[in-house]
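As stored in entry-v2.tsv (TSV, C-alpha atoms):
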```tsv
chain	number	residue	atom	x	y	z
A	29	MET	CA	-11.14	37.41	47.85
A	30	PHE	CA	-10.43	40.58	45.90
A	31	LYS	CA	-9.73	42.47	49.14
A	32	LYS	CA	-6.77	40.21	49.88
A	33	ILE	CA	-5.52	40.43	46.31
A	34	PHE	CA	-5.89	44.20	46.49
A	35	LEU	CA	-3.86	44.36	49.72
A	36	HIS	CA	-1.28	42.08	48.16
A	37	ALA	CA	-1.04	44.36	45.14
A	38	LEU	CA	-0.88	47.51	47.24
A	39	THR	CA	1.90	46.10	49.43
A	40	ALA	CA	3.80	44.96	46.34
A	41	ALA	CA	3.39	48.40	44.76
A	42	VAL	CA	4.80	50.17	47.83
A	43	LEU	CA	7.74	47.76	48.03
A	44	ALA	CA	8.42	48.07	44.28
A	45	ALA	CA	8.27	51.87	44.46
A	46	LEU	CA	10.64	51.88	47.44
A	47	ALA	CA	13.06	49.57	45.63
A	48	GLY	CA	12.76	51.69	42.49
A	49	TYR	CA	13.44	54.91	44.33
A	50	ILE	CA	16.48	53.45	46.12
A	51	TYR	CA	17.77	52.08	42.82
A	52	SER	CA	17.30	55.46	41.09
A	53	ARG	CA	19.38	57.14	43.81
A	54	ILE	CA	22.10	54.50	43.55
A	55	TYR	CA	22.10	54.89	39.77
A	56	TYR	CA	22.40	58.65	40.07
A	57	PHE	CA	25.39	58.37	42.42
A	58	ALA	CA	27.00	55.82	40.11
A	59	THR	CA	26.55	57.72	36.84
A	60	GLU	CA	25.95	61.33	37.97
A	61	VAL	CA	23.32	61.58	35.25
A	62	ASP	CA	20.06	63.08	36.43
A	63	PHE	CA	16.94	61.48	34.95
A	64	SER	CA	14.62	62.91	37.61
A	65	SER	CA	12.77	65.01	35.00
A	66	VAL	CA	11.73	61.75	33.36
A	67	LEU	CA	11.64	59.27	36.23
A	68	ASN	CA	11.23	60.74	39.70
A	69	GLY	CA	9.82	59.29	42.91
A	70	ALA	CA	6.22	60.16	42.07
A	71	ARG	CA	6.41	58.51	38.64
A	72	ILE	CA	8.05	55.40	40.08
A	73	LEU	CA	5.25	55.15	42.66
A	74	GLY	CA	2.64	55.81	39.98
A	75	PHE	CA	4.03	53.11	37.69
A	76	SER	CA	4.25	50.60	40.56
A	77	ILE	CA	0.67	51.23	41.69
A	78	LEU	CA	-0.69	51.10	38.14
A	79	PHE	CA	1.17	47.89	37.34
A	80	CYS	CA	0.22	46.15	40.59
A	81	MET	CA	-3.43	47.17	40.43
A	82	LEU	CA	-3.72	45.87	36.88
A	83	ALA	CA	-1.92	42.73	38.05
A	84	ALA	CA	-4.47	42.41	40.87
A	85	ILE	CA	-7.36	42.48	38.39
A	86	VAL	CA	-5.66	39.92	36.14
A	87	ASN	CA	-4.87	37.75	39.17
A	88	TYR	CA	-8.47	37.89	40.35
A	89	LEU	CA	-9.87	37.07	36.92
A	90	SER	CA	-7.41	34.24	36.28
A	91	LEU	CA	-8.22	32.64	39.65
A	92	LYS	CA	-11.92	33.13	39.04
A	93	ILE	CA	-11.86	31.68	35.53
A	94	PHE	CA	-9.17	28.99	35.71
A	95	ARG	CA	-9.46	28.07	39.41
A	96	LYS	CA	-6.47	25.87	40.37
A	97	ARG	CA	-4.56	26.63	37.19
A	98	GLY	CA	-5.27	30.32	37.55
A	99	GLU	CA	-2.17	30.97	39.64
A	100	ILE	CA	0.10	29.29	37.10
A	101	ILE	CA	-1.44	31.19	34.21
A	102	TYR	CA	-1.27	34.45	36.15
A	103	ASN	CA	2.41	33.94	36.96
A	104	PHE	CA	3.17	33.43	33.28
A	105	ILE	CA	1.22	36.57	32.37
A	106	LEU	CA	3.03	38.62	35.03
A	107	SER	CA	6.47	37.40	33.97
A	108	ILE	CA	5.85	37.81	30.25
A	109	THR	CA	4.38	41.29	30.73
A	110	SER	CA	7.34	42.36	32.86
A	111	PHE	CA	9.75	41.04	30.27
A	112	ALA	CA	7.88	42.77	27.43
A	113	LEU	CA	8.03	46.08	29.31
A	114	VAL	CA	11.82	46.00	28.88
A	115	MET	CA	11.21	47.54	25.47
A	116	VAL	CA	9.74	50.72	26.97
A	117	PRO	CA	12.91	52.23	28.51
A	118	ILE	CA	14.96	51.02	25.55
A	119	SER	CA	12.76	52.51	22.84
A	120	ILE	CA	11.44	55.66	24.55
A	121	SER	CA	12.70	59.03	23.28
A	122	LEU	CA	13.56	61.34	26.16
A	123	PRO	CA	13.25	65.14	26.07
A	124	LEU	CA	16.22	66.54	24.18
A	125	ASN	CA	17.48	68.48	27.21
A	126	VAL	CA	18.15	65.23	29.08
A	127	LYS	CA	21.82	64.34	28.93
A	128	SER	CA	23.19	60.88	28.13
A	129	PRO	CA	19.95	59.14	27.03
A	130	GLU	CA	22.01	56.03	26.28
A	131	LEU	CA	22.24	55.48	30.06
A	132	PHE	CA	18.48	55.52	30.56
A	133	PRO	CA	17.86	51.82	29.82
A	134	GLY	CA	20.28	51.00	32.66
A	135	LEU	CA	17.90	52.81	34.99
A	136	GLY	CA	14.58	51.84	33.49
A	137	VAL	CA	15.05	48.19	32.51
A	138	PRO	CA	15.63	46.78	36.03
A	139	MET	CA	12.74	48.85	37.35
A	140	VAL	CA	10.13	47.19	35.15
A	141	PHE	CA	10.82	43.94	37.02
A	142	PHE	CA	10.44	45.43	40.51
A	143	PRO	CA	6.62	45.12	40.74
A	144	ALA	CA	6.71	41.45	39.74
A	145	LEU	CA	9.66	40.84	42.06
A	146	ALA	CA	7.81	42.46	44.95
A	147	TRP	CA	4.65	40.54	44.09
A	148	TYR	CA	6.43	37.16	44.18
A	149	THR	CA	8.40	38.13	47.31
A	150	ILE	CA	5.32	38.67	49.45
A	151	ARG	CA	3.21	36.04	47.73
A	152	PRO	CA	3.60	33.45	50.56
A	153	LEU	CA	2.12	35.94	53.01
A	154	PHE	CA	-1.11	36.12	51.03
A	155	SER	CA	-1.38	32.81	49.13
A	156	GLN	CA	-2.65	30.79	52.11
A	157	LEU	CA	-5.56	33.13	52.43
A	158	LEU	CA	-6.85	32.64	48.91
A	159	PRO	CA	-9.58	29.98	48.64
A	160	PHE	CA	-9.07	29.22	44.91
A	161	SER	CA	-5.39	28.49	45.28
A	162	GLU	CA	-5.81	25.83	47.95
A	163	PRO	CA	-5.50	22.17	46.90
B	1	MET	CA	55.51	114.07	8.88
B	2	TYR	CA	54.86	112.15	12.11
B	3	PRO	CA	51.42	113.68	12.71
B	4	ALA	CA	50.46	112.67	9.20
B	5	LEU	CA	51.77	109.16	9.81
B	6	ALA	CA	49.81	108.96	13.07
B	7	VAL	CA	46.64	110.06	11.32
B	8	ALA	CA	47.27	107.53	8.58
B	9	LEU	CA	47.69	104.75	11.15
B	10	ILE	CA	44.51	105.81	12.95
B	11	VAL	CA	42.57	105.82	9.71
B	12	ALA	CA	44.02	102.47	8.66
B	13	SER	CA	43.33	100.83	12.03
B	14	SER	CA	39.78	102.18	12.17
B	15	PHE	CA	39.23	100.79	8.68
B	16	THR	CA	40.25	97.33	9.85
B	17	LEU	CA	37.74	97.60	12.71
B	18	LEU	CA	35.03	98.60	10.25
B	19	VAL	CA	35.60	95.71	7.89
B	20	SER	CA	35.98	93.19	10.67
B	21	GLN	CA	32.42	92.15	11.54
B	22	GLU	CA	33.30	88.85	13.11
B	23	TRP	CA	30.69	87.47	15.49
B	24	LYS	CA	31.17	84.95	18.24
B	25	ILE	CA	28.49	82.35	18.83
B	26	THR	CA	27.08	82.02	22.34
B	27	ASP	CA	26.46	78.73	24.12
B	28	ASN	CA	22.68	78.82	23.88
B	29	TYR	CA	22.49	78.10	20.16
B	30	SER	CA	20.32	75.30	18.81
B	31	ILE	CA	20.46	73.11	15.73
B	32	LYS	CA	17.31	71.04	15.52
B	33	PHE	CA	16.40	68.50	12.87
B	34	ASP	CA	12.88	67.22	12.45
B	35	GLY	CA	11.98	64.22	10.37
B	36	GLY	CA	9.11	63.09	12.56
B	37	ASP	CA	10.90	59.97	13.69
B	38	PRO	CA	13.75	60.59	14.26
B	39	SER	CA	14.06	64.17	15.39
B	40	GLY	CA	16.71	65.73	17.56
B	41	THR	CA	19.58	68.14	17.91
B	42	PHE	CA	23.25	68.63	17.25
B	43	SER	CA	25.24	70.47	19.89
B	44	GLY	CA	28.82	70.62	18.61
B	45	LEU	CA	28.83	73.83	16.56
B	46	LYS	CA	31.99	75.72	15.74
B	47	SER	CA	31.68	78.67	13.45
B	48	THR	CA	33.42	81.66	12.00
B	49	ILE	CA	30.85	84.31	11.21
B	50	ASN	CA	31.72	87.45	9.34
B	51	PHE	CA	28.49	89.25	8.73
B	52	ASP	CA	27.76	92.87	7.98
B	53	PRO	CA	24.25	93.66	6.70
B	54	ASN	CA	25.71	96.69	4.96
B	55	ASP	CA	28.48	94.75	3.29
B	56	LEU	CA	27.13	91.37	2.25
B	57	ALA	CA	29.86	90.90	-0.33
B	58	ALA	CA	32.45	90.72	2.46
B	59	SER	CA	30.27	88.55	4.69
B	60	LYS	CA	30.97	84.86	5.07
B	61	PHE	CA	29.88	81.87	7.13
B	62	ASP	CA	32.06	78.91	7.92
B	63	ALA	CA	30.42	76.39	10.23
B	64	THR	CA	31.29	72.90	11.42
B	65	ILE	CA	29.10	70.52	13.39
B	66	ASP	CA	30.50	67.60	15.35
B	67	VAL	CA	28.27	64.71	14.22
B	68	SER	CA	29.01	62.72	17.40
B	69	THR	CA	26.98	65.28	19.37
B	70	ILE	CA	23.74	64.11	17.74
B	71	ASN	CA	20.93	63.61	20.25
B	72	THR	CA	17.61	62.06	19.29
B	73	GLY	CA	16.56	61.59	22.92
B	74	ASN	CA	17.10	57.85	22.60
B	75	GLY	CA	20.45	56.21	23.30
B	76	MET	CA	19.86	53.36	20.87
B	77	LYS	CA	19.01	55.75	18.03
B	78	ASN	CA	22.03	57.92	18.86
B	79	THR	CA	24.30	54.90	18.60
B	80	HIS	CA	22.71	53.85	15.31
B	81	ALA	CA	22.97	57.39	13.90
B	82	LYS	CA	26.72	57.45	14.57
B	83	SER	CA	27.29	53.99	13.13
B	84	GLU	CA	28.80	53.13	9.76
B	85	LYS	CA	25.32	52.48	8.37
B	86	TRP	CA	24.19	56.07	8.91
B	87	PHE	CA	26.55	59.03	9.50
B	88	ASP	CA	29.68	56.91	9.94
B	89	VAL	CA	31.17	59.28	12.51
B	90	THR	CA	34.56	57.59	12.50
B	91	LYS	CA	35.03	58.31	8.79
B	92	TYR	CA	33.01	61.54	8.54
B	93	PRO	CA	33.17	63.23	11.95
B	94	THR	CA	31.82	66.63	10.87
B	95	ILE	CA	29.17	68.35	8.80
B	96	GLN	CA	30.46	71.53	7.20
B	97	PHE	CA	28.90	74.56	5.60
B	98	THR	CA	30.94	77.23	3.88
B	99	SER	CA	29.14	80.11	2.26
B	100	THR	CA	30.14	81.32	-1.17
B	101	SER	CA	27.79	84.31	-1.29
B	102	ILE	CA	25.27	86.07	0.90
B	103	SER	CA	22.49	88.13	-0.59
B	104	LYS	CA	19.45	90.08	0.50
B	105	ALA	CA	16.13	88.27	0.21
B	106	ALA	CA	12.50	89.30	0.51
B	107	THR	CA	12.40	88.34	4.17
B	108	GLY	CA	15.96	88.53	5.44
B	109	TYR	CA	18.95	87.06	3.67
B	110	GLU	CA	20.11	84.00	1.79
B	111	ALA	CA	23.41	82.23	2.23
B	112	LYS	CA	24.48	80.18	-0.75
B	113	GLY	CA	27.26	77.74	-0.07
B	114	MET	CA	28.59	74.21	0.02
B	115	LEU	CA	27.22	71.73	2.53
B	116	THR	CA	29.49	68.77	3.12
B	117	MET	CA	28.00	65.77	4.87
B	118	HIS	CA	28.97	62.11	4.87
B	119	GLY	CA	31.68	62.87	2.33
B	120	VAL	CA	29.25	64.39	-0.18
B	121	GLN	CA	29.38	68.08	-1.07
B	122	LYS	CA	26.32	69.85	-2.43
B	123	GLU	CA	25.36	73.46	-3.00
B	124	VAL	CA	22.55	74.65	-0.76
B	125	ILE	CA	20.80	77.93	-0.07
B	126	ILE	CA	19.97	78.73	3.53
B	127	PRO	CA	17.41	81.50	4.03
B	128	PHE	CA	18.04	83.29	7.29
B	129	THR	CA	17.21	86.34	9.33
B	130	PHE	CA	19.39	88.42	11.62
B	131	ASP	CA	17.56	90.29	14.36
B	132	ASN	CA	18.72	91.30	17.82
B	133	ASN	CA	22.04	89.54	17.30
B	134	VAL	CA	20.36	86.22	16.55
B	135	PHE	CA	20.74	84.32	13.30
B	136	LYS	CA	17.74	82.14	12.45
B	137	GLY	CA	17.80	79.87	9.44
B	138	THR	CA	15.92	76.91	8.06
B	139	LEU	CA	16.74	74.41	5.38
B	140	SER	CA	15.55	71.07	4.16
B	141	VAL	CA	18.02	68.22	3.81
B	142	ASN	CA	17.43	64.90	2.13
B	143	ARG	CA	19.79	62.33	3.64
B	144	LEU	CA	19.70	60.25	0.45
B	145	ASP	CA	21.33	63.15	-1.43
B	146	TYR	CA	24.30	62.68	0.91
B	147	ASN	CA	24.38	58.88	0.67
B	148	VAL	CA	23.28	58.44	4.28
B	149	ASN	CA	21.94	54.87	4.54
B	150	THR	CA	20.79	54.71	0.94
B	151	ALA	CA	20.29	50.98	1.42
B	152	GLU	CA	17.22	51.75	3.52
B	153	PRO	CA	15.51	54.78	1.98
B	154	ASN	CA	12.29	54.12	3.88
B	155	HIS	CA	13.89	53.49	7.26
B	156	GLY	CA	12.75	56.55	9.19
B	157	ALA	CA	12.55	59.90	7.49
B	158	SER	CA	14.58	60.76	4.42
B	159	THR	CA	13.88	64.52	4.37
B	160	PHE	CA	14.63	66.56	7.45
B	161	LYS	CA	13.75	70.13	8.29
B	162	VAL	CA	16.72	71.74	9.98
B	163	ASP	CA	16.16	74.79	12.18
B	164	ILE	CA	19.21	76.76	13.18
B	165	GLU	CA	19.19	79.48	15.81
B	166	VAL	CA	22.49	81.07	16.70
B	167	PRO	CA	22.72	84.02	19.08
B	168	VAL	CA	25.98	85.90	18.64
B	169	THR	CA	28.03	88.58	20.34
B	170	LYS	CA	30.83	90.80	19.17
```

Can I see the file as C-alpha cells?
Amino acid sequence: MFKKIFLHALTAAVLAALAGYIYSRIYYFATEVDFSSVLNGARILGFSILFCMLAAIVNYLSLKIFRKRGEIIYNFILSITSFALVMVPISISLPLNVKSPELFPGLGVPMVFFPALAWYTIRPLFSQLLPFSEP
Amino acid sequence: MYPALAVALIVASSFTLLVSQEWKITDNYSIKFDGGDPSGTFSGLKSTINFDPNDLAASKFDATIDVSTINTGNGMKNTHAKSEKWFDVTKYPTIQFTSTSISKAATGYEAKGMLTMHGVQKEVIIPFTFDNNVFKGTLSVNRLDYNVNTAEPNHGASTFKVDIEVPVTK
C-alpha cells in the first residue's frame, strides 16, 4: 500500500513544484521583485517533496490506524497543516539585502497550498487502488 | 598693487580650500540596528560631514535618516515599525543627529551631539573611527528614552545597538 501512497506523494510533489515555479515566475513578472535568493526552483521542489513525503507517511499511518475514517482524518490534517503554514511566509525575516519584503507573503502564501492542491487533484487516480479506503 | 592683490586672492582662496573638509557619503554606507528581534537597517541617509582630524573644533556632523526606509527583513514588521504605535513616520519622518563637538578619544574620536527621534531630543555621544575614508561608529539607543511605543516596553527589544559605517569621498 505504501508504494502507491509514495507514488501519489511523489507525483503531487512534482506537480506542486511545477505550479510553484510557474507562479514564482508570474509573480516576478508582475512585481519585478526578485526573491530567487530566498525561494528559487530548487527550494520550491525541496519544500514540495518534503511536504508530500511527510504527508505520505501521515496518510499511511492514518489509513493503517483509523481504517475507513483514516482518509477523512488525513484530509483534515493536510488542510489544517497547509493553512497553518500560511504563517511561515508572513512571519519569516528575509535577508536584509532582499528588497520589498512586504511583497514576500504574496509569493509564499499561495505556495504553501500547492502540495495539498496537487494531492487532492490527483487523488482519484490513486484512491481506487488503496484497499483501506474501499467501502 | 595688482600682483599683491593677486597673491592675496590666491592665499585667501587656498585658505578656504584648507578649511573646507566637507566629505560626501558614498552609496555603500550601512546603518544597522540590532535588538535581537527586531534587527535591521535604515537606508535613507543624508549627511553633511565636515571633518578634519587636525581641526576637530571646526568639524561637524549633520545627519538625517529617512525612517520610512527601515528594513527588518519582514514586511509585516516594517509596516508596524512605521505605524503610529512605533516610529509614527507620518508625524516624525526623520531621525536627526547634529554634532555639537568632536573630540579625540583613546581609540578614535567622539562626536557629542543631539539625537532627535520620534520628536524627542537627547544628547548622545557617538564614538567613531575614521580610517581609509570610512567613518565607523557605534551607539546604544533605548527606544523608551524617545517615547517609541512606551505602552509596550517588553514588546521586542527596548535597547538597540546601532552600527554605522559610512565610506566617504572628497

- request: Determine the nearest neighbour of Thr129 (chain B) from the options B:Val166, B:Asn154, B:Ser83, B:Asn142, counting all atoms listed in the file.
  value: B:Val166

- prompt: Within 12 Å of Met115 (chain A), counting only C-alpha atoms, which residues qualify if same-chain residues fewer than 6 places away don't, as a list in words?
  reply: Thr109, Ser121, Phe132, Pro133, Gly136, Val137, Pro138 and Val140 of chain A; Met76 of chain B

Can I get the residues of chain A within 7 Å of chain B, each with the closest pair of atoms and their distance in Å to one decimal, using only C-alpha atoms, sorted chain first then ascending number, as a Markdown table?
```
| residue | atom | partner | partner_atom | distance |
| --- | --- | --- | --- | --- |
| A:Ser119 | CA | B:Asn74 | CA | 6.9 |
| A:Ile120 | CA | B:Asn74 | CA | 6.4 |
| A:Ser121 | CA | B:Asn74 | CA | 4.6 |
| A:Leu122 | CA | B:Gly73 | CA | 4.4 |
| A:Pro123 | CA | B:Gly73 | CA | 5.8 |
| A:Leu124 | CA | B:Gly73 | CA | 5.1 |
| A:Pro129 | CA | B:Gly75 | CA | 4.8 |
| A:Glu130 | CA | B:Gly75 | CA | 3.4 |
```

Would you save the residues from that selection as a PDB file, in the coordinates of the input, using C-alpha atoms?
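Resulting contents of out-v3.pdb:
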```pdb
ATOM      1  CA  SER A 119      12.760  52.510  22.840  1.00  0.00           C
ATOM      2  CA  ILE A 120      11.440  55.660  24.550  1.00  0.00           C
ATOM      3  CA  SER A 121      12.700  59.030  23.280  1.00  0.00           C
ATOM      4  CA  LEU A 122      13.560  61.340  26.160  1.00  0.00           C
ATOM      5  CA  PRO A 123      13.250  65.140  26.070  1.00  0.00           C
ATOM      6  CA  LEU A 124      16.220  66.540  24.180  1.00  0.00           C
ATOM      7  CA  PRO A 129      19.950  59.140  27.030  1.00  0.00           C
ATOM      8  CA  GLU A 130      22.010  56.030  26.280  1.00  0.00           C
TER       9      GLU A 130
END
```

message: For Ala157 (chain B), find every residue with an atom within 12 Å (counting all atoms listed in the file), except residues of its own chain fewer than 5 positions away, and show them as a count of residues only.
response: 15

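With all atoms listed in the file taken into account, every residue lying no more than 9 Å from the file point (21.6, 89.9, 15.7) is included here: Thr129, Phe130, Asp131, Asn132, Asn133, Val134, Phe135, Val166, Pro167, Val168 and Thr169 of chain B.
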
message: Would you pick out the contacts of Thr138 (chain B) at 7 Å or less, using all atoms listed in the file, so that residues sharing its chain but fewer than 5 positions from it are not included, and give the list as a PyMOL selection string?
response: chain B and resi 126-128+162-164

Write the selection just made, keeping C-alpha atoms, as a PDB file, in the coordinates of the input?
```
ATOM      1  CA  ILE B 126      19.970  78.730   3.530  1.00  0.00           C
ATOM      2  CA  PRO B 127      17.410  81.500   4.030  1.00  0.00           C
ATOM      3  CA  PHE B 128      18.040  83.290   7.290  1.00  0.00           C
ATOM      4  CA  VAL B 162      16.720  71.740   9.980  1.00  0.00           C
ATOM      5  CA  ASP B 163      16.160  74.790  12.180  1.00  0.00           C
ATOM      6  CA  ILE B 164      19.210  76.760  13.180  1.00  0.00           C
TER       7      ILE B 164
END
```

statement: From CA of Lys31 (chain A) to CA of Lys96 (chain A) the spacing works out at 19.1 Å

task: Name all residues at most 10 Å from region 58-66 of chain A (count only C-alpha atoms; drop same-chain ones fewer than 5 positions away) and give them as a PyMOL selection string.
output: chain A and resi 52-53+71-72+122-123+125-129+131-132+135

task: Record the distance separating CA of His118 (chain B) and CA of Asn50 (chain B), expressed in Å with one decimal.
output: 25.9 Å

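Residues lying within 6 Å of region 42-51 of chain A, counting all atoms listed in the file and ignoring same-chain neighbours fewer than 5 positions away, are Gly69, Ile72, Leu73, Ser76, Met139, Phe142, Pro143 and Ala146 of chain A.
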